[in-house]
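Below is one structure; the comments refer to it alone.
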Amino acid sequence: MANYDLIIVGGGPAGLTAGIYACRSRLNTLLIEKGLPGGQTATIERIENYPGFEEISGLELSNRLESQAKRFGLEITLEEVTSLAVQEERRLVFAVGERYEAKAVIIASGAQPTKLGVPGEEEYRGRGVSYCATCDGAFFEGARVAVVGGGDSAIQEADYLTRFASKLIVIHRRDALRATKVLQERALANPKIEFRWNSVVEEIQGNDMVTKLILRNVKDGTRGELPVDGVFVYVGIRPNTEFLRGTVDLDPQGYIVTNARMETNVPGVYAAGDVRQKHLRQIVTAAADGAIAAMAADHYLATQRK
């Protein structure tokens, strides 16, 4: 069993930034990530609001963060964490077939897209149903595609998908978008994008692939068919905290409850990024959380050594 000063669970901007700060403080640190470093950020085609970069792809930003963290000595392993246990001064992190021990832990496991929960969604996942435009957009060259949602992610990805799709239909349950104004303006001015307001998807239908959506108007209850070749879902996110149930305090939505120092209710356990209860979930706030969590952990470990 490997032993560390600090273990970071999750390799998105919060986890990688925590790794940078922890290693610069000379903490023996391990970062455990179940996918590729960068997390959801690595799937974003274009980032325009990260300070210092007028425009950068999510993959490039993720690669830069990973390279910087490794330069300071961060150890990264690709495994899925299954549980966390707290035993007096020890924090045990269990992965598939492995167990790691540290004096402190930062949970930066992020969040994942919320599903619609309608008939056909699981059946056609990977056959017309997607949650990642950057991953799957190129498969829809010349196609008629729907995007479900009205927030920043939905509108950013709708704009990106117009590079491939011949027509893009945004389906939103309200009569106005929630996205940032500049994103709204760009989408509303795009001739390839049309909107179905006050509408929700009730069912996804197809043969081997998606062929149509069943929509319901939330105002008058009328239903209708919308022929499409694919549908991209952006209706929110849910935190990756299933492995923490019963270990740290979670809010009703499953987000980790912390204070301003990123401390959970368990001494020596911190949370950073999209996984924690917070007002704004952006790359820049995730990075800030990671820095704060690492410095709080460093201070905690220093007090434990006295």
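Quick note on naming: the chains in the structure tokens go A, B, ... in the order shown, residues restart at 1 in each chain, and ligands are numbered from 1 in order of appearance.
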Note to self: Can you pull out every residue from range 76-268 of chain A that DSSP, working from the backbone, puts in alpha helix (DSSP H), and format the result as JSON, numbers by chain?
What the structure shows: {"A": [133, 134, 135, 136, 152, 153, 154, 155, 156, 157, 158, 159, 160, 161, 181, 182, 183, 184, 185, 186, 187, 188]}
Counting only C-alpha atoms, which residues in range 109-168 of chain A sit no more than 6 Å from range 239-246 of chain A? For each one, give the nearest pair of atoms and the distance in Å, sorted by chain then residue number, as a Markdown table.
```
| residue | atom | partner | partner_atom | distance |
| --- | --- | --- | --- | --- |
| A:Ser109 | CA | A:Asn240 | CA | 5.9 |
| A:Gly110 | CA | A:Asn240 | CA | 5.9 |
| A:Ala111 | CA | A:Pro239 | CA | 4.0 |
```
May I have the residues from that selection written out with N, CA and C atoms, as a PDB file, in the first residue's frame?
```pdb
ATOM      1  N   SER A 109     -13.464  15.376  -7.828  1.00  0.00           N
ATOM      2  CA  SER A 109     -13.956  14.375  -8.774  1.00  0.00           C
ATOM      3  C   SER A 109     -14.950  14.911  -9.790  1.00  0.00           C
ATOM      4  N   GLY A 110     -15.285  16.198  -9.692  1.00  0.00           N
ATOM      5  CA  GLY A 110     -16.077  16.834 -10.737  1.00  0.00           C
ATOM      6  C   GLY A 110     -17.522  16.387 -10.803  1.00  0.00           C
ATOM      7  N   ALA A 111     -18.081  16.573 -11.975  1.00  0.00           N
ATOM      8  CA  ALA A 111     -19.491  16.265 -12.196  1.00  0.00           C
ATOM      9  C   ALA A 111     -19.652  15.725 -13.613  1.00  0.00           C
TER      10      ALA A 111
END
```
Margin query: To one decimal place in Å, what is the distance between CA of Thr114 in chain A and CA of Val235 in chain A?
Written below: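 It comes out at 6.1 Å.
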Notebook entry, point to check: Which residues, written as a PyMOL selection string, have at least one atom at most 7 Å from Thr82 in chain A, with only C-alpha atoms counted and residues fewer than 4 positions away on the same chain left out?
Noted result: chain A and resi 94-96+243
Please produce an output containing all heavy atoms for each residue in the selection, written as an mmCIF file, in the first residue's frame.
```
data_model
loop_
_atom_site.group_PDB
_atom_site.id
_atom_site.type_symbol
_atom_site.label_atom_id
_atom_site.label_comp_id
_atom_site.auth_asym_id
_atom_site.auth_seq_id
_atom_site.Cartn_x
_atom_site.Cartn_y
_atom_site.Cartn_z
ATOM 1 N N PHE A 94 -9.641 3.954 -1.713
ATOM 2 C CA PHE A 94 -9.725 2.646 -2.361
ATOM 3 C C PHE A 94 -10.056 2.827 -3.843
ATOM 4 O O PHE A 94 -11.015 3.503 -4.201
ATOM 5 C CB PHE A 94 -10.794 1.787 -1.696
ATOM 6 C CG PHE A 94 -10.488 1.437 -0.263
ATOM 7 C CD1 PHE A 94 -10.880 2.282 0.769
ATOM 8 C CD2 PHE A 94 -9.791 0.287 0.047
ATOM 9 C CE1 PHE A 94 -10.598 1.976 2.094
ATOM 10 C CE2 PHE A 94 -9.492 -0.038 1.367
ATOM 11 C CZ PHE A 94 -9.903 0.812 2.395
ATOM 12 N N ALA A 95 -9.227 2.243 -4.689
ATOM 13 C CA ALA A 95 -9.482 2.207 -6.121
ATOM 14 C C ALA A 95 -9.711 0.749 -6.513
ATOM 15 O O ALA A 95 -9.624 -0.149 -5.658
ATOM 16 C CB ALA A 95 -8.309 2.806 -6.890
ATOM 17 N N VAL A 96 -10.034 0.528 -7.764
ATOM 18 C CA VAL A 96 -10.279 -0.845 -8.217
ATOM 19 C C VAL A 96 -8.978 -1.649 -8.083
ATOM 20 O O VAL A 96 -8.006 -1.407 -8.801
ATOM 21 C CB VAL A 96 -10.773 -0.855 -9.681
ATOM 22 C CG1 VAL A 96 -10.978 -2.297 -10.151
ATOM 23 C CG2 VAL A 96 -12.061 -0.063 -9.804
ATOM 24 N N PHE A 243 -19.271 7.614 -4.385
ATOM 25 C CA PHE A 243 -18.296 6.868 -3.571
ATOM 26 C C PHE A 243 -18.081 7.486 -2.192
ATOM 27 O O PHE A 243 -17.378 6.921 -1.358
ATOM 28 C CB PHE A 243 -16.954 6.765 -4.315
ATOM 29 C CG PHE A 243 -16.216 8.077 -4.464
ATOM 30 C CD1 PHE A 243 -15.171 8.398 -3.608
ATOM 31 C CD2 PHE A 243 -16.566 8.975 -5.464
ATOM 32 C CE1 PHE A 243 -14.491 9.593 -3.747
ATOM 33 C CE2 PHE A 243 -15.883 10.172 -5.612
ATOM 34 C CZ PHE A 243 -14.849 10.484 -4.757
#
```
Next item on the list: Pick out the closest residue to Leu92 in chain A from this set: A:Asp5, A:Asp208, A:Asp175, A:Asp298. Count only C-alpha atoms.
Entry: A:Asp5
Item checked: Å distance separating CA of His172 in chain A from CA of Gly206 in chain A, one decimal place -> 21.5 Å
Checklist line | Counting only C-alpha atoms, the residue of A:Ala102, A:Val86, A:Leu161, A:Val257 that sits nearest Asn28 in chain A | finding: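 The shortest atom-to-atom distance to Asn28 in chain A comes from A:Ala102.
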Notebook entry, point to check: Near Arg91 in chain A, within 6 Å and counting only C-alpha atoms, which residues show up once chain neighbours fewer than 6 positions away are dropped, as an MDAnalysis selection string?
Noted result: chainID A and resid 85 101:103
Convert the current residue selection to file output with N, CA and C atoms, as a PDB file, in the first residue's frame.
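This is the output file selection04.pdb:
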```pdb
ATOM      1  N   ALA A  85     -12.184   6.074   3.220  1.00  0.00           N
ATOM      2  CA  ALA A  85     -12.365   5.732   4.631  1.00  0.00           C
ATOM      3  C   ALA A  85     -11.447   6.608   5.477  1.00  0.00           C
ATOM      4  N   GLU A 101      -2.916   5.327   0.940  1.00  0.00           N
ATOM      5  CA  GLU A 101      -3.050   5.976   2.238  1.00  0.00           C
ATOM      6  C   GLU A 101      -2.411   7.352   2.203  1.00  0.00           C
ATOM      7  N   ALA A 102      -3.078   8.318   2.850  1.00  0.00           N
ATOM      8  CA  ALA A 102      -2.536   9.673   2.947  1.00  0.00           C
ATOM      9  C   ALA A 102      -2.991  10.289   4.256  1.00  0.00           C
ATOM     10  N   LYS A 103      -2.342  11.392   4.613  1.00  0.00           N
ATOM     11  CA  LYS A 103      -2.745  12.121   5.808  1.00  0.00           C
ATOM     12  C   LYS A 103      -3.863  13.118   5.499  1.00  0.00           C
TER      13      LYS A 103
END
```
Checklist line | Within 12 Å of Cys135 in chain A using only C-alpha atoms, minus same-chain residues under 6 positions, as a PyMOL selection string | finding: chain A and resi 40+42-45+59+126+129+157+160-161+232
Take the residues that were just selected and, keeping C-alpha atoms, output them as a CSV table (one decimal), in the first residue's frame.
```csv
chain,number,residue,atom,x,y,z
A,40,GLN,CA,-14.8,17.6,-18.7
A,42,ALA,CA,-10.6,18.4,-22.1
A,43,THR,CA,-13.8,17.9,-24.2
A,44,ILE,CA,-14.5,21.6,-24.7
A,45,GLU,CA,-13.7,22.8,-28.2
A,59,LEU,CA,-7.6,19.8,-24.5
A,126,GLY,CA,-23.9,6.2,-29.0
A,129,VAL,CA,-27.7,10.3,-28.4
A,157,GLU,CA,-22.0,23.2,-28.1
A,160,TYR,CA,-19.8,24.3,-32.3
A,161,LEU,CA,-22.1,21.7,-33.9
A,232,PHE,CA,-27.0,16.3,-27.8
```
Notebook entry, point to check: Using only C-alpha atoms, which residue out of A:Ala158, A:Ile283, A:Leu31, A:Leu65 lies closest to Ile47 in chain A?
Noted result: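 Distance minimum relative to Ile47 in chain A lands on A:Ile283.
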Margin query: Give me, as a list in words, all polymer residues having an atom no more than 9 Å from Val210 in chain A, counting only C-alpha atoms and skipping those fewer than 5 positions away in the same chain.
Written below: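 What passes the distance filter is Gly120, Tyr124, Arg127, Gly128, Val129, Ile204, Gln205, Pro227, Val228, Asp229, Gly230 and Val231 of chain A.
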Restricting the output to N, CA and C atoms, write the selected residues as a PDB file, in the first residue's frame.
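To be explicit, this is the file written out as again_12.pdb:
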```pdb
ATOM      1  N   GLY A 120     -35.872   5.708 -24.711  1.00  0.00           N
ATOM      2  CA  GLY A 120     -35.012   5.771 -25.881  1.00  0.00           C
ATOM      3  C   GLY A 120     -33.644   6.360 -25.629  1.00  0.00           C
ATOM      4  N   TYR A 124     -30.448   4.503 -27.399  1.00  0.00           N
ATOM      5  CA  TYR A 124     -29.773   5.134 -28.536  1.00  0.00           C
ATOM      6  C   TYR A 124     -28.505   5.900 -28.144  1.00  0.00           C
ATOM      7  N   ARG A 127     -25.732   6.007 -30.526  1.00  0.00           N
ATOM      8  CA  ARG A 127     -26.359   5.795 -31.835  1.00  0.00           C
ATOM      9  C   ARG A 127     -27.260   6.981 -32.182  1.00  0.00           C
ATOM     10  N   GLY A 128     -26.757   8.147 -31.842  1.00  0.00           N
ATOM     11  CA  GLY A 128     -27.500   9.371 -32.105  1.00  0.00           C
ATOM     12  C   GLY A 128     -27.700  10.217 -30.868  1.00  0.00           C
ATOM     13  N   VAL A 129     -27.595   9.606 -29.685  1.00  0.00           N
ATOM     14  CA  VAL A 129     -27.681  10.344 -28.422  1.00  0.00           C
ATOM     15  C   VAL A 129     -26.265  10.561 -27.898  1.00  0.00           C
ATOM     16  N   ILE A 204     -37.248   9.555 -27.298  1.00  0.00           N
ATOM     17  CA  ILE A 204     -36.310   9.504 -28.423  1.00  0.00           C
ATOM     18  C   ILE A 204     -36.606   8.217 -29.188  1.00  0.00           C
ATOM     19  N   GLN A 205     -36.847   8.351 -30.487  1.00  0.00           N
ATOM     20  CA  GLN A 205     -37.210   7.188 -31.295  1.00  0.00           C
ATOM     21  C   GLN A 205     -36.244   7.014 -32.451  1.00  0.00           C
ATOM     22  N   PRO A 227     -38.183  15.436 -36.592  1.00  0.00           N
ATOM     23  CA  PRO A 227     -37.207  14.551 -37.247  1.00  0.00           C
ATOM     24  C   PRO A 227     -35.780  15.063 -37.035  1.00  0.00           C
ATOM     25  N   VAL A 228     -34.917  14.214 -36.523  1.00  0.00           N
ATOM     26  CA  VAL A 228     -33.502  14.556 -36.325  1.00  0.00           C
ATOM     27  C   VAL A 228     -32.649  13.311 -36.547  1.00  0.00           C
ATOM     28  N   ASP A 229     -31.383  13.550 -36.798  1.00  0.00           N
ATOM     29  CA  ASP A 229     -30.422  12.452 -36.930  1.00  0.00           C
ATOM     30  C   ASP A 229     -29.631  12.224 -35.649  1.00  0.00           C
ATOM     31  N   GLY A 230     -29.717  13.187 -34.742  1.00  0.00           N
ATOM     32  CA  GLY A 230     -28.993  13.058 -33.484  1.00  0.00           C
ATOM     33  C   GLY A 230     -29.461  14.086 -32.490  1.00  0.00           C
ATOM     34  N   VAL A 231     -29.167  13.833 -31.205  1.00  0.00           N
ATOM     35  CA  VAL A 231     -29.550  14.770 -30.148  1.00  0.00           C
ATOM     36  C   VAL A 231     -28.438  14.828 -29.108  1.00  0.00           C
TER      37      VAL A 231
END
```
Check: Near Val9 in chain A, counting only C-alpha atoms, which residues have an atom at most 12 Å away, once you skip same-chain residues fewer than 6 positions from it, shown as a PyMOL selection string?
Finding: chain A and resi 15-16+18-19+29-35+37+39+76-84+92-95+100+102+104-110+240-241+243-244+269-273+275+290
